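**Q** Input file: my_file01.txt. Contents: compact mmCIF, C-alpha atoms.
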# COMPACT_ATOMS: atom_id res chain seq x y z
CA MET A 2 29.16 42.09 5.70
CA SER A 3 31.06 44.05 3.09
CA PRO A 4 29.31 46.74 1.03
CA GLY A 5 29.98 44.63 -2.10
CA THR A 6 28.29 41.55 -0.68
CA GLY A 7 25.38 43.67 0.53
CA ALA A 8 24.96 45.25 -2.90
CA THR A 9 25.08 41.79 -4.48
CA LEU A 10 22.35 40.51 -2.17
CA ARG A 11 20.22 43.56 -2.94
CA LEU A 12 20.71 42.95 -6.68
CA LEU A 13 19.87 39.24 -6.41
CA ALA A 14 16.72 39.94 -4.39
CA ALA A 15 15.63 42.53 -6.96
CA ALA A 16 16.52 40.36 -9.98
CA SER A 17 14.50 37.47 -8.58
CA ASP A 18 11.57 39.79 -7.76
CA ALA A 19 11.73 38.30 -4.27
CA LYS A 20 8.61 38.49 -2.16
CA ALA A 21 9.47 35.78 0.40
CA VAL A 22 13.06 35.43 1.66
CA VAL A 23 14.57 33.26 4.39
CA GLU A 24 17.71 34.48 6.11
CA ILE A 25 19.67 32.02 8.26
CA GLY A 26 21.70 34.06 10.71
CA THR A 27 20.10 37.41 11.53
CA GLY A 28 23.25 39.01 12.90
CA THR A 29 22.79 42.72 13.56
CA GLY A 30 20.49 43.18 10.57
CA VAL A 31 22.92 44.42 7.93
CA SER A 32 22.29 41.61 5.44
CA GLY A 33 18.56 41.78 6.14
CA ILE A 34 18.48 45.47 5.27
CA HIS A 35 20.18 44.78 1.95
CA LEU A 36 17.75 41.95 1.21
CA LEU A 37 14.74 44.09 2.14
CA LEU A 38 16.00 46.92 -0.09
CA GLY A 39 16.04 44.53 -3.06
CA MET A 40 12.78 42.76 -2.31
CA ARG A 41 9.35 43.74 -3.55
CA PRO A 42 7.66 46.43 -1.42
CA ASP A 43 5.16 43.84 -0.17
CA GLY A 44 7.87 41.25 0.53
CA VAL A 45 8.53 39.63 3.89
CA LEU A 46 11.91 38.59 5.23
CA THR A 47 11.84 35.57 7.55
CA THR A 48 14.99 35.67 9.63
CA VAL A 49 16.19 32.83 11.86
CA ASP A 50 18.81 33.11 14.60
CA SER A 51 19.57 31.23 17.79
CA GLU A 52 20.47 34.50 19.56
CA PRO A 53 17.37 36.59 20.49
CA ASP A 54 19.66 39.55 21.33
CA ARG A 55 20.78 39.72 17.71
CA GLN A 56 17.22 39.64 16.51
CA GLN A 57 16.38 42.58 18.75
CA LEU A 58 19.30 44.55 17.28
CA ALA A 59 18.13 43.69 13.78
CA ARG A 60 14.53 44.67 14.60
CA GLU A 61 15.80 48.10 15.70
CA ALA A 62 18.03 48.42 12.61
CA TYR A 63 15.11 47.62 10.28
CA ARG A 64 12.94 50.19 12.05
CA ASP A 65 15.72 52.80 11.87
CA ALA A 66 16.09 52.05 8.14
CA GLY A 67 12.38 52.84 7.66
CA PHE A 68 10.94 49.35 7.21
CA ALA A 69 7.49 48.62 8.61
CA ALA A 70 7.37 45.99 11.34
CA ASN A 71 5.37 43.62 9.11
CA ARG A 72 8.24 43.39 6.58
CA ALA A 73 10.23 41.01 8.80
CA ARG A 74 9.30 37.88 10.68
CA PHE A 75 11.77 36.92 13.42
CA ILE A 76 12.00 33.27 14.42
CA PRO A 77 14.36 32.47 17.29
CA GLY A 78 15.97 29.05 17.34
CA ARG A 79 18.51 26.80 15.67
CA ALA A 80 18.10 26.88 11.90
CA LEU A 81 17.93 23.11 11.51
CA GLU A 82 15.04 23.01 13.97
CA VAL A 83 13.18 25.99 12.44
CA LEU A 84 13.61 25.39 8.68
CA PRO A 85 11.62 22.12 8.55
CA ARG A 86 8.59 24.07 9.81
CA LEU A 87 8.67 26.52 6.86
CA ALA A 88 6.53 26.01 3.74
CA ASP A 89 7.76 23.82 0.88
CA GLY A 90 8.34 25.85 -2.29
CA GLY A 91 7.26 29.04 -0.55
CA TYR A 92 10.43 31.12 -0.91
CA ASP A 93 12.18 33.06 -3.64
CA LEU A 94 15.57 33.33 -1.96
CA VAL A 95 17.38 31.66 0.94
CA PHE A 96 20.42 33.47 2.35
CA CYS A 97 22.71 31.37 4.54
CA ASP A 98 25.04 33.10 6.98
CA GLY A 99 24.72 30.77 9.94
CA ASP A 100 26.85 27.89 11.17
CA ARG A 101 29.13 26.97 8.26
CA LEU A 102 29.40 23.40 9.51
CA GLU A 103 25.64 23.14 8.80
CA TYR A 104 25.74 24.65 5.29
CA LEU A 105 25.24 21.26 3.58
CA ASP A 106 22.12 20.73 5.69
CA TYR A 107 20.93 24.24 4.77
CA LEU A 108 21.39 23.29 1.11
CA ASP A 109 19.05 20.31 1.55
CA GLU A 110 16.47 22.48 3.28
CA SER A 111 16.83 25.18 0.60
CA LEU A 112 16.00 22.72 -2.16
CA ARG A 113 12.71 22.04 -0.37
CA LEU A 114 11.99 25.67 0.55
CA LEU A 115 12.71 27.31 -2.82
CA ARG A 116 10.30 27.65 -5.69
CA PRO A 117 11.71 26.69 -9.11
CA GLY A 118 13.88 29.63 -10.21
CA GLY A 119 14.57 30.61 -6.60
CA LEU A 120 18.07 31.37 -5.33
CA VAL A 121 20.16 30.07 -2.47
CA CYS A 122 23.26 32.02 -1.38
CA PHE A 123 25.98 31.03 1.09
CA GLU A 124 28.13 33.73 2.67
CA GLY A 125 31.80 33.21 3.56
CA THR A 126 32.54 30.22 1.36
CA PHE A 127 36.21 31.19 0.93
CA ALA A 128 36.71 31.05 4.74
CA GLN A 129 39.52 33.61 4.53
CA GLY A 130 41.12 31.60 1.73
CA ARG A 131 41.18 28.29 3.61
CA THR A 132 38.81 26.52 1.22
CA LEU A 133 41.07 27.42 -1.72
CA ASP A 134 44.16 25.84 -0.13
CA ALA A 135 44.00 22.04 0.22
CA ALA A 136 46.56 22.22 3.03
CA HIS A 137 43.82 23.58 5.29
CA GLN A 138 41.97 20.58 6.66
CA ASP A 139 40.05 22.20 9.52
CA ALA A 140 36.43 21.09 9.82
CA GLU A 141 34.99 24.33 8.43
CA ALA A 142 37.22 24.39 5.32
CA VAL A 143 36.56 20.72 4.60
CA ARG A 144 32.81 21.17 5.05
CA LEU A 145 32.73 24.24 2.78
CA ARG A 146 34.61 22.33 0.06
CA GLU A 147 31.99 19.58 0.37
CA LEU A 148 29.26 22.19 -0.02
CA MET A 149 30.86 23.66 -3.15
CA ARG A 150 31.23 20.19 -4.70
CA ALA A 151 27.64 19.28 -3.81
CA VAL A 152 26.25 22.45 -5.40
CA ARG A 153 28.50 22.08 -8.46
CA ASP A 154 27.51 18.44 -8.98
CA SER A 155 23.80 18.85 -8.25
CA GLN A 156 21.34 18.55 -11.11
CA ALA A 157 18.88 20.60 -9.03
CA PHE A 158 20.95 23.82 -9.08
CA ALA A 159 22.77 26.08 -11.54
CA PRO A 160 25.61 27.59 -9.41
CA VAL A 161 28.11 30.43 -9.47
CA LEU A 162 30.81 31.34 -6.95
CA LEU A 163 31.05 35.11 -6.69
CA PRO A 164 34.33 36.64 -5.42
CA THR A 165 32.66 39.22 -3.19
CA ASP A 166 34.37 39.75 0.18
CA ASP A 167 34.84 36.20 1.56
CA GLY A 168 33.03 34.40 -1.26
CA LEU A 169 29.33 34.17 -2.02
CA LEU A 170 28.18 30.86 -3.44
CA CYS A 171 24.85 31.27 -5.23
CA ALA A 172 22.70 28.77 -7.07
CA VAL A 173 19.38 28.90 -8.89
CA ARG A 174 16.97 26.04 -8.27
CA ARG A 175 16.17 24.49 -11.59
CA GLY A 176 12.52 24.08 -12.59
CA GLY A 177 10.20 21.25 -11.72
Starting from the file, lay out its structure as structure tokens.
**A**
Amino acid sequence: MSPGTGATLRLLAAASDAKAVVEIGTGTGVSGIHLLLGMRPDGVLTTVDSEPDRQQLAREAYRDAGFAANRARFIPGRALEVLPRLADGGYDLVFCDGDRLEYLDYLDESLRLLRPGGLVCFEGTFAQGRTLDAAHQDAEAVRLRELMRAVRDSQAFAPVLLPTDDGLLCAVRRGG
């Protein structure tokens, strides 16, 4: 994750006064640290990853960054199996950095998970420029274009595509 994308996540978490955040794709903990830095001091990050090794690295990174163990909840497993078990309307922000072929499914889950006014963000939506060039018809580029159209056309979200690093698609869940 680039420093610019990390700073943007930190800003978005702070601007939304996030107390409960879901992260899809724990990685090594870099994005989680940025989210935690922007969240309320009593906030909890729920991070989902299918690779327990990554979650262990992130757990160590959070500890090294000075976060108490109770600030993060680690759930191992595939996102599409874990997300349905999380509380409806219980989250302020959902950050998606998992399997890009599943981003449209994450969007559906995010609509259910987010409170009105909550944010969903998708990392890597430019796919190294492939989504911006119609000549690229690989599955990931096609799927990301579908995601961008779905968010743009949805009445449930107010979106913006931020040009940080490899693209950060963000949308606010409209009220009600």
**Q** Rounded to one decimal place, report the atom CA of Leu81 of chain A-atom CA of Leu114 of chain A distance in Å.
**A**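 Between these atoms lies a distance of 12.7 Å.
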**Q** Rounded to one decimal in Å, what is the spacing between atom CA of Glu82 of chain A and atom CA of Tyr107 of chain A?
**A**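 The value is 11.0 Å.
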**Q** Using all atoms listed in the file, pick whichever of A:Leu120, A:Ala128, A:Ala142, A:Leu163 has the shortest atom-to-atom distance to Arg175 of chain A.
**A**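 With all atoms listed in the file as the atom set, the closest residue is A:Leu120.
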**Q** Write out as a VMD selection string which residues come within 12 Å of Asp106 of chain A when counting all atoms listed in the file, dropping same-chain ones fewer than 6 positions away.
**A** chain A and resid 25 80 to 82 84 to 85 97 99 to 100 112 to 113 123 144 to 145 147 to 148 151 to 152
**Q** Using only C-alpha atoms, find the one residue out of A:Ala21, A:Val83, A:Ala15, A:Leu36 that sits nearest to Ser51 of chain A.
**A** A:Val83
**Q** Which neighbours of Gly168 of chain A fall inside 10 Å, counting only C-alpha atoms, when residues of the same chain fewer than 3 positions from it are skipped, and could you give them as a list of chain:residue names?
**A** A:Thr6, A:Phe123, A:Glu124, A:Gly125, A:Thr126, A:Phe127, A:Ala128, A:Gln129, A:Gly130, A:Leu162, A:Leu163, A:Pro164, A:Thr165, A:Cys171
**Q** Could you put an axis-aligned box around every listed atom of segment 96-99 of chain A, padded by 5 Å on each side, and send me its centre and edge lengths in Å to one decimal, as AutoDock Vina command-line options?
**A**
--center_x 22.7 --center_y 32.1 --center_z 6.1 --size_x 14.6 --size_y 12.7 --size_z 17.6
**Q** Taking (24.4, 46.6, 5.8) as a centre in this file's frame and 9 Å as the limit, can you find every polymer residue with an atom that close, using only C-alpha atoms, and give them as a ChimeraX atom specification?
**A** /A:2-4,7-8,29-35
**Q** Excluding Met40 of chain A and any residue of its chain fewer than 5 positions from it, enumerate the residues within 9 Å of it, using only C-alpha atoms, and give them as a CSV table (one decimal) with C-alpha atoms, keeping the file's coordinate frame.
**A**
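Below you can see out30.csv, which holds the result:
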chain,number,residue,atom,x,y,z
A,11,ARG,CA,20.2,43.6,-2.9
A,13,LEU,CA,19.9,39.2,-6.4
A,14,ALA,CA,16.7,39.9,-4.4
A,15,ALA,CA,15.6,42.5,-7.0
A,16,ALA,CA,16.5,40.4,-10.0
A,17,SER,CA,14.5,37.5,-8.6
A,18,ASP,CA,11.6,39.8,-7.8
A,19,ALA,CA,11.7,38.3,-4.3
A,20,LYS,CA,8.6,38.5,-2.2
A,21,ALA,CA,9.5,35.8,0.4
A,22,VAL,CA,13.1,35.4,1.7
A,35,HIS,CA,20.2,44.8,2.0
A,45,VAL,CA,8.5,39.6,3.9
A,46,LEU,CA,11.9,38.6,5.2
**Q** Contacts of Gln57 of chain A at 10 Å or less, counting all atoms listed in the file, minus same-chain residues fewer than 2 places along, as a ChimeraX atom specification?
**A** /A:27-30,52-55,59-63,75
**Q** Let me make sure I understand: among A:Asp134, A:Asp89, A:Asp65, A:Glu141, which one has the smallest atom-to-atom distance to Glu103 of chain A if we use all atoms listed in the file?
**A**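 Going through A:Asp134, A:Asp89, A:Asp65, A:Glu141 one by one, the smallest distance to Glu103 of chain A is for A:Glu141.
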**Q** Counting all atoms listed in the file, which residue out of A:Met149, A:Ala88, A:Arg131, A:Asp43 sits closest to Glu110 of chain A?
**A**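 When distances to Glu110 of chain A are compared using all atoms listed in the file, the smallest one comes from A:Ala88.
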**Q** Go ahead and compute the interatomic distance for atom CA of Leu94 of chain A and atom CA of Ser155 of chain A, in Å to one decimal.
**A**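 Atom CA of Ser155 of chain A lies at a distance of 17.8 Å from atom CA of Leu94 of chain A.
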**Q** Extract, using only C-alpha atoms, all DNA, RNA and protein residues at most 6 Å from Leu115 of chain A, discarding same-chain residues fewer than 4 positions from it, and format them as number ranges by chain.
**A** A: 90, 92-93, 111, 119
**Q** Determine the nearest neighbour of Gly78 of chain A from the options A:Val49, A:Leu12, A:Leu37, A:Ala140, counting all atoms listed in the file.
**A**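 Closest to Gly78 of chain A of all the choices is A:Val49.
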**Q** Would you mind telling me which residue in A:Leu87, A:Val143, A:Arg72, A:Cys122 lies nearest to Arg41 of chain A when using only C-alpha atoms?
**A**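 The answer is A:Arg72, which sits nearest to Arg41 of chain A.
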